[in-house]
Amino acid sequence: MSDALLIADGVHKTYDMGRSQLHVLRGCSLHVAGGEFVAIMGKSGSGKSTLLHILGALDVPQQGQVLFEGRPVFAPPKQRHFYAHALDVLSGYERRRIALRRRAFGFVFQFYHLLPELNVLENVLVARMVGASTCAWPAQRRPARKDTLAILEHVGLSDRLKHRPAELSGGERQRVAIARALVHKPRILFADEPTGNLDAVAGDELMALLKGLHAVGQTIVMVTHDPGIAARADRVLRLEAGVLREG
Ligand SMILES: Nc1ncnc2c1ncn2[C@@H]1O[C@H](COP(=O)(O)OP(=O)(O)OP(=O)(O)O)[C@@H](O)[C@H]1O
Ligand SMILES: [Mg+2]
């Protein structure tokens, strides 16, 4: 598929547990086109989060490759061993992954991962700060604040700007996390069980928000174990026995 934004090809991931090894991903492949909303389903422990972390360049597979906009995200497999980490850094793969995470990818997690000491506005603004260089930040400060306020209005939190995470409901916390993920206009939004910690009403509201983002072109890759949630995506893939299947 030539219009693929993200391609995974034969991804393997094994966790080394000392004497034993846990081979979680056994050759996962997928294509995600720009503007698609893809759901990955699978039972607990099937490796959904592991796969999402690899697709989003948060983790490195032992075998296989991920291509973003046609460019490999990981070094060739023989350079991926522990002793070759320095090579990975020097060859620029790790630096590019950092840049992808800061600018091209956005993440939403089941348990929000907000900074408890910061209020809503600051939690979102800080993500914009991380994406900017120190030199560029003074000039970007005002537009960044304007963008942050606009995105918080879009997710319906304009009247909660000064609240800290502990002073918000679960649904509101997840909307802050979505705003944080969107504030640098990511090419792909990765969501790991975004409704997993919400009740049915808050879950529905969150899915309506994701659908609205998708309707204006946001590419989304979402992991869930809930068939009702997965059915809201364009396409559903199933992770079973370490392999992805359509349907
Ligand atoms: N860092 C790790 N070290 C060792 N084993 C791990 C590690 N992370 C995950 N695992 C194991 O790998 C398997 C897949 O984990 P993963 O978190 O990807 O599953 P999941 O499909 O996201 O499950 P859930 O739906 O419960 O979130 C599990 O059996 C888990 O115990
Ligand atoms: Mg998981």
# chains A, B, ... in the order shown; residues from 1 in each chain; ligands from 1
>>> select_by_dssp(residues="segment 61-245 of chain A", states="strand (DSSP E)", output="PyMOL selection string")
chain A and resi 63-68+71-72+105-108+188-192+219-224+235-240+243-245
>>> write_last_selection(atoms="C-alpha atoms", output="PDB file, in the first residue's frame")
ATOM      1  CA  GLN A  63      13.223  -8.329  14.726  1.00  0.00           C
ATOM      2  CA  GLY A  64      11.153  -6.636  12.054  1.00  0.00           C
ATOM      3  CA  GLN A  65      10.835  -3.003  11.111  1.00  0.00           C
ATOM      4  CA  VAL A  66       8.447  -0.082  11.419  1.00  0.00           C
ATOM      5  CA  LEU A  67       8.371   2.534   8.671  1.00  0.00           C
ATOM      6  CA  PHE A  68       6.946   5.992   9.222  1.00  0.00           C
ATOM      7  CA  ARG A  71      11.571   5.691   6.539  1.00  0.00           C
ATOM      8  CA  PRO A  72      12.724   2.983   8.959  1.00  0.00           C
ATOM      9  CA  PHE A 105       3.259  11.035  17.465  1.00  0.00           C
ATOM     10  CA  GLY A 106       0.801  11.688  20.278  1.00  0.00           C
ATOM     11  CA  PHE A 107      -0.010   9.208  23.061  1.00  0.00           C
ATOM     12  CA  VAL A 108      -3.024   8.624  25.265  1.00  0.00           C
ATOM     13  CA  ILE A 188      -0.660   9.800  14.408  1.00  0.00           C
ATOM     14  CA  LEU A 189      -2.542   9.611  17.689  1.00  0.00           C
ATOM     15  CA  PHE A 190      -1.839   6.355  19.566  1.00  0.00           C
ATOM     16  CA  ALA A 191      -4.397   5.479  22.233  1.00  0.00           C
ATOM     17  CA  ASP A 192      -3.944   2.537  24.619  1.00  0.00           C
ATOM     18  CA  THR A 219      -4.987   9.294  11.974  1.00  0.00           C
ATOM     19  CA  ILE A 220      -5.672   7.151  15.063  1.00  0.00           C
ATOM     20  CA  VAL A 221      -4.326   3.772  16.173  1.00  0.00           C
ATOM     21  CA  MET A 222      -6.249   2.593  19.232  1.00  0.00           C
ATOM     22  CA  VAL A 223      -5.852  -0.496  21.393  1.00  0.00           C
ATOM     23  CA  THR A 224      -8.840  -1.930  23.236  1.00  0.00           C
ATOM     24  CA  ARG A 235     -10.944  -1.180  10.681  1.00  0.00           C
ATOM     25  CA  VAL A 236     -10.373  -3.743  13.420  1.00  0.00           C
ATOM     26  CA  LEU A 237      -7.277  -5.930  13.731  1.00  0.00           C
ATOM     27  CA  ARG A 238      -6.966  -8.781  16.196  1.00  0.00           C
ATOM     28  CA  LEU A 239      -3.798  -9.681  18.045  1.00  0.00           C
ATOM     29  CA  GLU A 240      -3.770 -13.415  18.748  1.00  0.00           C
ATOM     30  CA  VAL A 243       0.182 -12.213  15.191  1.00  0.00           C
ATOM     31  CA  LEU A 244      -2.233  -9.583  13.803  1.00  0.00           C
ATOM     32  CA  ARG A 245      -5.248 -10.635  11.765  1.00  0.00           C
TER      33      ARG A 245
END
>>> residues_around(residues="Val24 of chain A", least_positions_apart="3", cutoff="8 Å", atoms="only C-alpha atoms", output="tab-separated table (two decimals) with C-alpha atoms, in the first residue's frame")
chain	number	residue	atom	x	y	z
A	12	HIS	CA	8.94	-9.64	17.02
A	13	LYS	CA	9.28	-8.82	20.70
A	14	THR	CA	10.62	-11.12	23.38
A	15	TYR	CA	10.93	-10.19	27.05
A	46	SER	CA	-1.85	-10.67	24.26
A	47	GLY	CA	0.73	-7.91	23.67
A	241	ALA	CA	-0.85	-15.72	19.47
A	242	GLY	CA	1.55	-12.87	18.69
>>> closest_residue(among="A:His163, A:Leu30, A:Phe109, A:Val183", to="His53 of chain A", atoms="only C-alpha atoms")
A:Phe109
>>> closest_residue(among="A:Phe37, A:Leu25, A:Ala99, A:Thr134", to="His214 of chain A", atoms="only C-alpha atoms")
A:Phe37
>>> residues_near_ligand(ligand="ligand 1", cutoff="7 Å", atoms="only C-alpha atoms and all ligand atoms", output="tab-separated table (two decimals) with N, CA and C atoms, in the first residue's frame")
chain	number	residue	atom	x	y	z
A	15	TYR	N	10.44	-10.70	25.77
A	15	TYR	CA	10.93	-10.19	27.05
A	15	TYR	C	11.84	-11.24	27.65
A	16	ASP	N	13.03	-10.80	28.02
A	16	ASP	CA	14.00	-11.70	28.63
A	16	ASP	C	13.77	-11.73	30.13
A	17	MET	N	13.40	-12.90	30.66
A	17	MET	CA	13.08	-13.01	32.07
A	17	MET	C	14.15	-13.82	32.80
A	22	LEU	N	9.87	-14.63	27.15
A	22	LEU	CA	8.45	-14.51	26.80
A	22	LEU	C	8.35	-13.89	25.41
A	24	VAL	N	6.34	-12.44	22.94
A	24	VAL	CA	4.99	-11.85	22.92
A	24	VAL	C	4.52	-11.56	21.50
A	42	GLY	N	-7.55	-7.49	21.40
A	42	GLY	CA	-6.89	-8.71	21.85
A	42	GLY	C	-7.13	-8.86	23.32
A	43	LYS	N	-7.04	-10.09	23.81
A	43	LYS	CA	-7.32	-10.27	25.24
A	43	LYS	C	-6.15	-9.77	26.09
A	44	SER	N	-6.41	-9.65	27.38
A	44	SER	CA	-5.39	-9.14	28.30
A	44	SER	C	-4.14	-10.00	28.22
A	45	GLY	N	-2.99	-9.35	28.09
A	45	GLY	CA	-1.72	-10.07	28.03
A	45	GLY	C	-1.34	-10.53	26.64
A	46	SER	N	-2.16	-10.21	25.62
A	46	SER	CA	-1.85	-10.67	24.26
A	46	SER	C	-0.73	-9.85	23.62
A	47	GLY	N	-0.39	-8.69	24.20
A	47	GLY	CA	0.73	-7.91	23.67
A	47	GLY	C	0.31	-6.61	22.99
A	48	LYS	N	-0.92	-6.15	23.23
A	48	LYS	CA	-1.42	-4.93	22.57
A	48	LYS	C	-0.58	-3.70	22.94
A	49	SER	N	-0.33	-3.53	24.24
A	49	SER	CA	0.45	-2.36	24.66
A	49	SER	C	1.88	-2.47	24.13
A	50	THR	N	2.42	-3.68	24.19
A	50	THR	CA	3.78	-3.89	23.67
A	50	THR	C	3.86	-3.46	22.21
A	51	LEU	N	2.88	-3.89	21.42
A	51	LEU	CA	2.86	-3.54	19.99
A	51	LEU	C	2.70	-2.03	19.81
A	225	HIS	N	-9.72	-3.83	24.46
A	225	HIS	CA	-10.18	-5.22	24.53
A	225	HIS	C	-11.70	-5.25	24.39
>>> residues_around(residues="Gln110 of chain A", least_positions_apart="4", cutoff="7 Å", atoms="only C-alpha atoms", output="PyMOL selection string")
chain A and resi 192-197
>>> write_last_selection(atoms="N, CA and C atoms", output="compact mmCIF listing (two decimals), in the first residue's frame")
# COMPACT_ATOMS: atom_id res chain seq x y z
N ASP A 192 -3.99 3.87 24.01
CA ASP A 192 -3.94 2.54 24.62
C ASP A 192 -5.08 2.43 25.64
N GLU A 193 -6.14 1.71 25.30
CA GLU A 193 -7.31 1.56 26.17
C GLU A 193 -7.77 2.92 26.70
N PRO A 194 -8.07 3.88 25.80
CA PRO A 194 -8.38 5.24 26.29
C PRO A 194 -9.65 5.30 27.12
N THR A 195 -10.54 4.30 26.97
CA THR A 195 -11.78 4.32 27.76
C THR A 195 -11.74 3.27 28.88
N GLY A 196 -10.60 2.61 29.03
CA GLY A 196 -10.51 1.46 29.93
C GLY A 196 -10.81 1.77 31.37
N ASN A 197 -10.66 3.04 31.76
CA ASN A 197 -10.84 3.40 33.15
C ASN A 197 -12.08 4.28 33.36
>>> closest_residue(among="A:Leu5, A:Ile229, A:Gly92, A:Val201", to="Ala39 of chain A", atoms="only C-alpha atoms")
A:Ile229
>>> select_by_dssp(residues="segment 52-129 of chain A", states="helix (DSSP H, G or I)", output="ChimeraX atom specification")
/A:52-55,77-79,82-90,93-104,120-129
>>> closest_residue(among="A:Cys135, A:Val38, A:Leu125, A:Leu52", to="Asp147 of chain A", atoms="only C-alpha atoms")
A:Leu125
>>> closest_residue(among="A:Ala136, A:Glu205, A:Arg142, A:Gly170", to="Gly156 of chain A", atoms="only C-alpha atoms")
A:Glu205
>>> residues_around(residues="His154 of chain A", least_positions_apart="5", cutoff="12 Å", atoms="only C-alpha atoms", output="list in words")
Asp147, Thr148, Leu149, Asp159, Arg175, Val176, Ile178, Ala179, Leu182, Val183, Leu209, Leu210, Gly212 and Leu213 of chain A
>>> write_last_selection(atoms="C-alpha atoms", output="short mmCIF file (atom, residue, chain, number, x, y, z; two decimals), in the first residue's frame")
data_model
loop_
_atom_site.label_atom_id
_atom_site.label_comp_id
_atom_site.auth_asym_id
_atom_site.auth_seq_id
_atom_site.Cartn_x
_atom_site.Cartn_y
_atom_site.Cartn_z
CA ASP A 147 -3.08 26.83 20.75
CA THR A 148 -3.30 25.20 24.19
CA LEU A 149 -6.36 27.24 25.13
CA ASP A 159 -13.78 25.98 32.61
CA ARG A 175 -9.65 14.73 27.83
CA VAL A 176 -6.63 16.59 29.25
CA ILE A 178 -6.00 13.94 24.60
CA ALA A 179 -5.40 17.69 24.54
CA LEU A 182 -2.83 16.85 20.23
CA VAL A 183 -1.08 20.06 21.18
CA LEU A 209 -14.29 13.09 20.74
CA LEU A 210 -11.97 10.62 18.96
CA GLY A 212 -14.73 13.96 15.77
CA LEU A 213 -10.94 14.19 15.48
#
>>> closest_residue(among="A:Val11, A:Ala144, A:Ile40, A:Ala181", to="ligand 2", atoms="only C-alpha atoms and all ligand atoms")
A:Ile40
